[in-house]
Amino acid sequence: MDVLSEVLKVVKLEGALYYNGEFTAPWSFRAPPSHVLAPHFAPGGGHVIIYHLLTEGRGFAELEHGKRIPLHAGDIVIFPHGDSHVLGNGAPIEPVDHERALHRIFAQGLKLARGGGGGEVTKFVCGYMSCDPQLSRVFLAGLPAFVKVNVRNGAAGRWLENSIRFSVEEADASRAGGEAVMAKLAEVLFVETLRLYISELPPEQTGWMAGVKDPEVGKALAWLHREPARTWTIADLAHEAGLSRSVLAARFRHYLGVPPMSYLTRWRLQLGAQALKSSSRSVAEVAAAVGYESEAAFNRAFKREYHVPPARYRSESRAAEGASSGAEAHLQVEAES
């Protein structure tokens, strides 16, 4: 049982490739933070994750006021929390601010963009993933400001890179299903990157991703995410994981910082919050669907976590989503004018 797959089934990643670059050194550009990109990529208020795949040459990525990350062909660098960052190669130059050119960039699609000073060539593809900010918090909380892996270290990654390079080179909006194919490739590339990152974690690492890597804790996590509404006890979970109750509790806390039942409670409430925003089910129906025996118990737990009752949370979330949709419509009008 694969806990990452179980989580991503619920999180429902959506994304695409959106930029295809061939730059010659020196070059540099600043990518804006995800909250600036979100109205373009995720008008419903989703969280946006940006990544870049180098297909040829070399370069660097640099967090603002942070460390410089060297990049080589086959490297993919992900910014899971949406931090603004700089990409470039060659002698130091003032980065071009892409925030000021977003409409042009999105209008261009995957048509090859060229630029730079005429030196060493770097080719790269940029992609994004959008996801529910609450549900994605489960795995995003276990990630640092950036993740870098080389997809050429495995057969699956090499196949993905070749497929993406071919799809981008053949990009044509008139080809039936082309956008859907590239969106799926973007999603698979992101998931494969997370898998590679998890596989390379050192033994002393803690956190959600490290818990996923641990065979028994990972099995327990997978069961909790597959059947969150089940009436779990620590004894039941320990039996499924193949450990004693005390050992499971200790190892679970070591990796995730909380006991298994506390983790389950938080996940149930996150599922409940998502259902309140996205469905018309009653509060009682939502409560039952996420494992609460009574609406009153769900109300109390929900208010402790979100500081408002479920019904009020639903109304406020929908009002905020309506405002976000209005802002997206305004951006679209500006882009077309």
# chains A, B, ... in the order shown; residues from 1 in each chain; ligands from 1
$ select_by_dssp --residues "segment 23-258 of chain A" --states "strand (DSSP E or B)" --output "NGL selection string"
:A and (23-24 or 27-31 or 47-56 or 58-63 or 68-72 or 75-79 or 85-89 or 96-97 or 113-116 or 121-131 or 147-150)
$ residues_around --residues "Ala113 of chain A" --least-positions-apart "6" --cutoff "9 Å" --atoms "only C-alpha atoms" --output "VMD selection string"
chain A and resid 19 to 23 105
$ write_last_selection --atoms "C-alpha atoms" --output "mmCIF file, in the first residue's frame"
data_model
loop_
_atom_site.group_PDB
_atom_site.id
_atom_site.type_symbol
_atom_site.label_atom_id
_atom_site.label_comp_id
_atom_site.auth_asym_id
_atom_site.auth_seq_id
_atom_site.Cartn_x
_atom_site.Cartn_y
_atom_site.Cartn_z
ATOM 1 C CA TYR A 19 7.074 27.685 -20.241
ATOM 2 C CA ASN A 20 9.716 26.355 -22.649
ATOM 3 C CA GLY A 21 13.034 28.205 -22.581
ATOM 4 C CA GLU A 22 16.333 28.168 -24.454
ATOM 5 C CA PHE A 23 18.649 30.800 -23.004
ATOM 6 C CA ILE A 105 4.328 34.460 -20.885
#
$ residues_around --residues "Asn299 of chain A" --least-positions-apart "4" --cutoff "12 Å" --atoms "only C-alpha atoms" --output "list in words"
Leu269, Gly272, Ala273, Val283, Ala284, Val286, Ala287, Ala288, Tyr292, Glu293, Ser294, Glu295, Lys303, Arg304, Glu305, Tyr306, His307, Val308, Pro309, Pro310, Ala311, Arg312 and Tyr313 of chain A
$ write_last_selection --atoms "N, CA and C atoms" --output "compact mmCIF listing (two decimals), in the first residue's frame"
# COMPACT_ATOMS: atom_id res chain seq x y z
N LEU A 269 -10.45 16.19 10.03
CA LEU A 269 -10.97 17.56 10.01
C LEU A 269 -10.59 18.28 8.73
N GLY A 272 -12.96 17.05 6.26
CA GLY A 272 -14.24 17.68 6.50
C GLY A 272 -14.29 19.10 5.98
N ALA A 273 -13.22 19.85 6.20
CA ALA A 273 -13.17 21.23 5.72
C ALA A 273 -13.26 21.29 4.21
N VAL A 283 -23.85 19.31 7.30
CA VAL A 283 -22.77 19.15 8.27
C VAL A 283 -22.81 17.75 8.87
N ALA A 284 -24.01 17.24 9.14
CA ALA A 284 -24.15 15.89 9.70
C ALA A 284 -23.61 14.84 8.73
N VAL A 286 -21.34 15.31 6.36
CA VAL A 286 -19.88 15.45 6.31
C VAL A 286 -19.25 14.80 7.53
N ALA A 287 -19.84 15.05 8.69
CA ALA A 287 -19.31 14.47 9.93
C ALA A 287 -19.26 12.95 9.85
N ALA A 288 -20.32 12.34 9.38
CA ALA A 288 -20.36 10.88 9.27
C ALA A 288 -19.34 10.37 8.24
N TYR A 292 -16.99 10.70 12.23
CA TYR A 292 -17.56 11.15 13.49
C TYR A 292 -18.94 10.54 13.70
N GLU A 293 -19.18 10.03 14.90
CA GLU A 293 -20.44 9.36 15.18
C GLU A 293 -21.58 10.34 15.40
N SER A 294 -21.27 11.60 15.70
CA SER A 294 -22.32 12.59 15.91
C SER A 294 -21.89 13.93 15.34
N GLU A 295 -22.89 14.71 14.92
CA GLU A 295 -22.63 16.05 14.41
C GLU A 295 -22.05 16.94 15.51
N LYS A 303 -14.36 23.22 15.55
CA LYS A 303 -14.18 24.58 16.09
C LYS A 303 -12.84 24.70 16.81
N ARG A 304 -12.39 23.64 17.48
CA ARG A 304 -11.07 23.67 18.12
C ARG A 304 -9.96 23.87 17.08
N GLU A 305 -10.11 23.24 15.93
CA GLU A 305 -9.07 23.29 14.90
C GLU A 305 -9.14 24.56 14.06
N TYR A 306 -10.36 24.98 13.68
CA TYR A 306 -10.52 26.09 12.74
C TYR A 306 -11.10 27.35 13.37
N HIS A 307 -11.43 27.28 14.65
CA HIS A 307 -11.86 28.45 15.43
C HIS A 307 -13.23 28.99 15.04
N VAL A 308 -13.92 28.32 14.12
CA VAL A 308 -15.30 28.68 13.78
C VAL A 308 -16.08 27.38 13.59
N PRO A 309 -17.41 27.40 13.76
CA PRO A 309 -18.22 26.19 13.53
C PRO A 309 -18.21 25.82 12.05
N PRO A 310 -18.53 24.57 11.71
CA PRO A 310 -18.50 24.13 10.32
C PRO A 310 -19.38 24.97 9.38
N ALA A 311 -20.60 25.30 9.81
CA ALA A 311 -21.51 26.04 8.94
C ALA A 311 -20.94 27.42 8.60
N ARG A 312 -20.37 28.07 9.59
CA ARG A 312 -19.78 29.39 9.34
C ARG A 312 -18.55 29.25 8.46
N TYR A 313 -17.77 28.21 8.68
CA TYR A 313 -16.59 27.98 7.84
C TYR A 313 -17.01 27.83 6.38
$ select_by_dssp --residues "segment 229-264 of chain A" --states "alpha helix (DSSP H)" --output "list in words"
Ile234, Ala235, Asp236, Leu237, Ala238, His239, Glu240, Ala241, Arg245, Ser246, Val247, Leu248, Ala249, Ala250, Arg251, Phe252, Arg253, His254, Tyr255, Leu256, Pro260, Met261, Ser262, Tyr263 and Leu264 of chain A
$ write_last_selection --atoms "N, CA, C and O atoms" --output "mmCIF file, in the first residue's frame"
data_model
loop_
_atom_site.group_PDB
_atom_site.id
_atom_site.type_symbol
_atom_site.label_atom_id
_atom_site.label_comp_id
_atom_site.auth_asym_id
_atom_site.auth_seq_id
_atom_site.Cartn_x
_atom_site.Cartn_y
_atom_site.Cartn_z
ATOM 1 N N ILE A 234 -5.586 2.348 18.439
ATOM 2 C CA ILE A 234 -4.151 2.161 18.286
ATOM 3 C C ILE A 234 -3.818 0.680 18.141
ATOM 4 O O ILE A 234 -2.881 0.307 17.426
ATOM 5 N N ALA A 235 -4.610 -0.194 18.782
ATOM 6 C CA ALA A 235 -4.383 -1.636 18.668
ATOM 7 C C ALA A 235 -4.656 -2.122 17.247
ATOM 8 O O ALA A 235 -3.887 -2.923 16.693
ATOM 9 N N ASP A 236 -5.761 -1.638 16.634
ATOM 10 C CA ASP A 236 -6.080 -2.020 15.258
ATOM 11 C C ASP A 236 -4.978 -1.569 14.300
ATOM 12 O O ASP A 236 -4.552 -2.315 13.416
ATOM 13 N N LEU A 237 -4.544 -0.319 14.469
ATOM 14 C CA LEU A 237 -3.531 0.231 13.573
ATOM 15 C C LEU A 237 -2.203 -0.496 13.737
ATOM 16 O O LEU A 237 -1.510 -0.788 12.751
ATOM 17 N N ALA A 238 -1.847 -0.794 14.967
ATOM 18 C CA ALA A 238 -0.602 -1.526 15.222
ATOM 19 C C ALA A 238 -0.648 -2.909 14.577
ATOM 20 O O ALA A 238 0.353 -3.386 14.016
ATOM 21 N N HIS A 239 -1.803 -3.554 14.632
ATOM 22 C CA HIS A 239 -1.951 -4.871 14.007
ATOM 23 C C HIS A 239 -1.734 -4.773 12.492
ATOM 24 O O HIS A 239 -1.033 -5.600 11.902
ATOM 25 N N GLU A 240 -2.323 -3.753 11.847
ATOM 26 C CA GLU A 240 -2.170 -3.583 10.402
ATOM 27 C C GLU A 240 -0.723 -3.272 10.035
ATOM 28 O O GLU A 240 -0.235 -3.690 8.976
ATOM 29 N N ALA A 241 -0.024 -2.533 10.916
ATOM 30 C CA ALA A 241 1.361 -2.151 10.638
ATOM 31 C C ALA A 241 2.350 -3.252 10.992
ATOM 32 O O ALA A 241 3.528 -3.181 10.600
ATOM 33 N N ARG A 245 1.678 -1.936 19.970
ATOM 34 C CA ARG A 245 1.113 -0.592 20.145
ATOM 35 C C ARG A 245 2.167 0.407 20.606
ATOM 36 O O ARG A 245 2.231 1.531 20.108
ATOM 37 N N SER A 246 2.993 0.005 21.559
ATOM 38 C CA SER A 246 3.984 0.940 22.114
ATOM 39 C C SER A 246 5.046 1.302 21.080
ATOM 40 O O SER A 246 5.460 2.465 20.980
ATOM 41 N N VAL A 247 5.485 0.323 20.293
ATOM 42 C CA VAL A 247 6.505 0.594 19.274
ATOM 43 C C VAL A 247 5.945 1.488 18.179
ATOM 44 O O VAL A 247 6.591 2.444 17.736
ATOM 45 N N LEU A 248 4.724 1.207 17.716
ATOM 46 C CA LEU A 248 4.117 2.056 16.690
ATOM 47 C C LEU A 248 3.962 3.482 17.196
ATOM 48 O O LEU A 248 4.298 4.441 16.486
ATOM 49 N N ALA A 249 3.441 3.635 18.427
ATOM 50 C CA ALA A 249 3.244 4.982 18.970
ATOM 51 C C ALA A 249 4.559 5.737 19.051
ATOM 52 O O ALA A 249 4.635 6.930 18.705
ATOM 53 N N ALA A 250 5.630 5.061 19.486
ATOM 54 C CA ALA A 250 6.926 5.718 19.628
ATOM 55 C C ALA A 250 7.507 6.104 18.271
ATOM 56 O O ALA A 250 8.017 7.216 18.093
ATOM 57 N N ARG A 251 7.438 5.182 17.311
ATOM 58 C CA ARG A 251 8.014 5.479 15.999
ATOM 59 C C ARG A 251 7.190 6.512 15.247
ATOM 60 O O ARG A 251 7.734 7.364 14.532
ATOM 61 N N PHE A 252 5.872 6.468 15.391
ATOM 62 C CA PHE A 252 5.001 7.455 14.750
ATOM 63 C C PHE A 252 5.308 8.851 15.282
ATOM 64 O O PHE A 252 5.466 9.809 14.519
ATOM 65 N N ARG A 253 5.441 8.950 16.593
ATOM 66 C CA ARG A 253 5.747 10.245 17.204
ATOM 67 C C ARG A 253 7.145 10.715 16.804
ATOM 68 O O ARG A 253 7.372 11.911 16.594
ATOM 69 N N HIS A 254 8.090 9.778 16.691
ATOM 70 C CA HIS A 254 9.459 10.135 16.288
ATOM 71 C C HIS A 254 9.460 10.826 14.932
ATOM 72 O O HIS A 254 10.128 11.852 14.738
ATOM 73 N N TYR A 255 8.725 10.281 13.986
ATOM 74 C CA TYR A 255 8.739 10.836 12.630
ATOM 75 C C TYR A 255 7.803 12.020 12.457
ATOM 76 O O TYR A 255 8.148 13.000 11.789
ATOM 77 N N LEU A 256 6.610 11.940 13.040
ATOM 78 C CA LEU A 256 5.591 12.954 12.759
ATOM 79 C C LEU A 256 5.334 13.910 13.907
ATOM 80 O O LEU A 256 4.602 14.877 13.746
ATOM 81 N N PRO A 260 -0.523 8.633 16.649
ATOM 82 C CA PRO A 260 -1.334 8.275 15.476
ATOM 83 C C PRO A 260 -2.766 8.794 15.516
ATOM 84 O O PRO A 260 -3.282 9.281 14.503
ATOM 85 N N MET A 261 -3.418 8.723 16.673
ATOM 86 C CA MET A 261 -4.815 9.145 16.741
ATOM 87 C C MET A 261 -4.955 10.665 16.599
ATOM 88 O O MET A 261 -5.941 11.152 16.046
ATOM 89 N N SER A 262 -3.969 11.407 17.082
ATOM 90 C CA SER A 262 -3.999 12.867 16.895
ATOM 91 C C SER A 262 -3.826 13.209 15.424
ATOM 92 O O SER A 262 -4.477 14.125 14.888
ATOM 93 N N TYR A 263 -2.943 12.490 14.764
ATOM 94 C CA TYR A 263 -2.743 12.685 13.320
ATOM 95 C C TYR A 263 -4.036 12.396 12.573
ATOM 96 O O TYR A 263 -4.441 13.159 11.687
ATOM 97 N N LEU A 264 -4.706 11.303 12.935
ATOM 98 C CA LEU A 264 -5.947 10.931 12.271
ATOM 99 C C LEU A 264 -7.020 11.999 12.475
ATOM 100 O O LEU A 264 -7.746 12.347 11.533
#
$ closest_residue --among "A:Ala297, A:Ile50, A:Cys131, A:Leu87" --to "Ile69 of chain A" --atoms "only C-alpha atoms"
A:Leu87
$ residues_around --residues "segment 53-60 of chain A" --least-positions-apart "6" --cutoff "7 Å" --atoms "only C-alpha atoms" --output "list in words"
Arg68, Ile69, Pro70, Leu71, His72, Ala73, Gly74, Asp75, Ile76, Val77, Leu87, Gly88, Asn89, Val121, Thr122, Lys123, Phe124, Val125 and Cys126 of chain A
$ residues_around --residues "His81 of chain A" --least-positions-apart "3" --cutoff "8 Å" --atoms "only C-alpha atoms" --output "PyMOL selection string"
chain A and resi 34+48-49+140+145
$ write_last_selection --atoms "N, CA and C atoms" --output "PDB file, in the first residue's frame"
ATOM      1  N   SER A  34       4.153  32.126  -5.384  1.00  0.00           N
ATOM      2  CA  SER A  34       2.984  31.405  -5.884  1.00  0.00           C
ATOM      3  C   SER A  34       1.678  32.176  -5.696  1.00  0.00           C
ATOM      4  N   VAL A  48      -0.219  26.840  -5.285  1.00  0.00           N
ATOM      5  CA  VAL A  48       0.522  26.595  -6.516  1.00  0.00           C
ATOM      6  C   VAL A  48       1.965  26.234  -6.187  1.00  0.00           C
ATOM      7  N   ILE A  49       2.422  25.127  -6.768  1.00  0.00           N
ATOM      8  CA  ILE A  49       3.796  24.645  -6.630  1.00  0.00           C
ATOM      9  C   ILE A  49       4.466  24.813  -7.988  1.00  0.00           C
ATOM     10  N   LEU A 140       3.176  18.729   2.125  1.00  0.00           N
ATOM     11  CA  LEU A 140       4.016  19.912   1.935  1.00  0.00           C
ATOM     12  C   LEU A 140       4.757  20.279   3.218  1.00  0.00           C
ATOM     13  N   ALA A 145      12.267  24.267   1.679  1.00  0.00           N
ATOM     14  CA  ALA A 145      11.927  25.372   0.774  1.00  0.00           C
ATOM     15  C   ALA A 145      12.101  24.980  -0.686  1.00  0.00           C
TER      16      ALA A 145
END
$ closest_residue --among "A:Tyr197, A:Trp232, A:Phe166, A:Trp27" --to "Glu120 of chain A" --atoms "only C-alpha atoms"
A:Trp27
$ residues_around --residues "Gly45 of chain A" --least-positions-apart "5" --cutoff "8 Å" --atoms "only C-alpha atoms" --output "PDB file with C-alpha atoms, in the first residue's frame"
ATOM      1  CA  ALA A  38      -2.365  31.424  -8.156  1.00  0.00           C
ATOM      2  CA  PRO A  39      -5.089  33.595  -9.800  1.00  0.00           C
ATOM      3  CA  ASP A 132      -6.023  22.225  -2.119  1.00  0.00           C
ATOM      4  CA  GLU A 321     -13.955  31.791  -3.339  1.00  0.00           C
ATOM      5  CA  SER A 324     -11.272  35.051  -5.920  1.00  0.00           C
TER       6      SER A 324
END
$ residues_around --residues "Pro202 of chain A" --least-positions-apart "5" --cutoff "12 Å" --atoms "only C-alpha atoms" --output "MDAnalysis selection string"
chainID A and resid 197 207 209:211 213:214
$ write_last_selection --atoms "N, CA, C and O atoms" --output "short mmCIF file (atom, residue, chain, number, x, y, z; two decimals), in the first residue's frame"
data_model
loop_
_atom_site.label_atom_id
_atom_site.label_comp_id
_atom_site.auth_asym_id
_atom_site.auth_seq_id
_atom_site.Cartn_x
_atom_site.Cartn_y
_atom_site.Cartn_z
N TYR A 197 12.89 11.92 -4.13
CA TYR A 197 13.30 12.67 -2.94
C TYR A 197 13.18 11.81 -1.69
O TYR A 197 14.10 11.75 -0.85
N GLY A 207 10.03 13.72 9.97
CA GLY A 207 9.02 14.44 9.23
C GLY A 207 8.13 13.50 8.46
O GLY A 207 8.32 12.27 8.45
N MET A 209 7.63 12.96 5.18
CA MET A 209 8.25 12.19 4.11
C MET A 209 9.11 11.05 4.64
O MET A 209 9.12 9.94 4.09
N ALA A 210 9.82 11.31 5.73
CA ALA A 210 10.63 10.25 6.34
C ALA A 210 9.72 9.17 6.92
O ALA A 210 10.06 7.98 6.87
N GLY A 211 8.58 9.55 7.47
CA GLY A 211 7.62 8.56 7.97
C GLY A 211 7.09 7.69 6.84
O GLY A 211 6.89 6.48 7.02
N LYS A 213 8.75 6.85 4.26
CA LYS A 213 9.83 5.94 3.87
C LYS A 213 9.95 4.76 4.83
O LYS A 213 10.32 3.65 4.42
N ASP A 214 9.65 4.97 6.12
CA ASP A 214 9.74 3.89 7.09
C ASP A 214 8.68 2.83 6.77
O ASP A 214 7.49 3.17 6.65
#
$ closest_residue --among "A:Arg314, A:His52, A:Arg230, A:Lys67" --to "Gly127 of chain A" --atoms "only C-alpha atoms"
A:His52
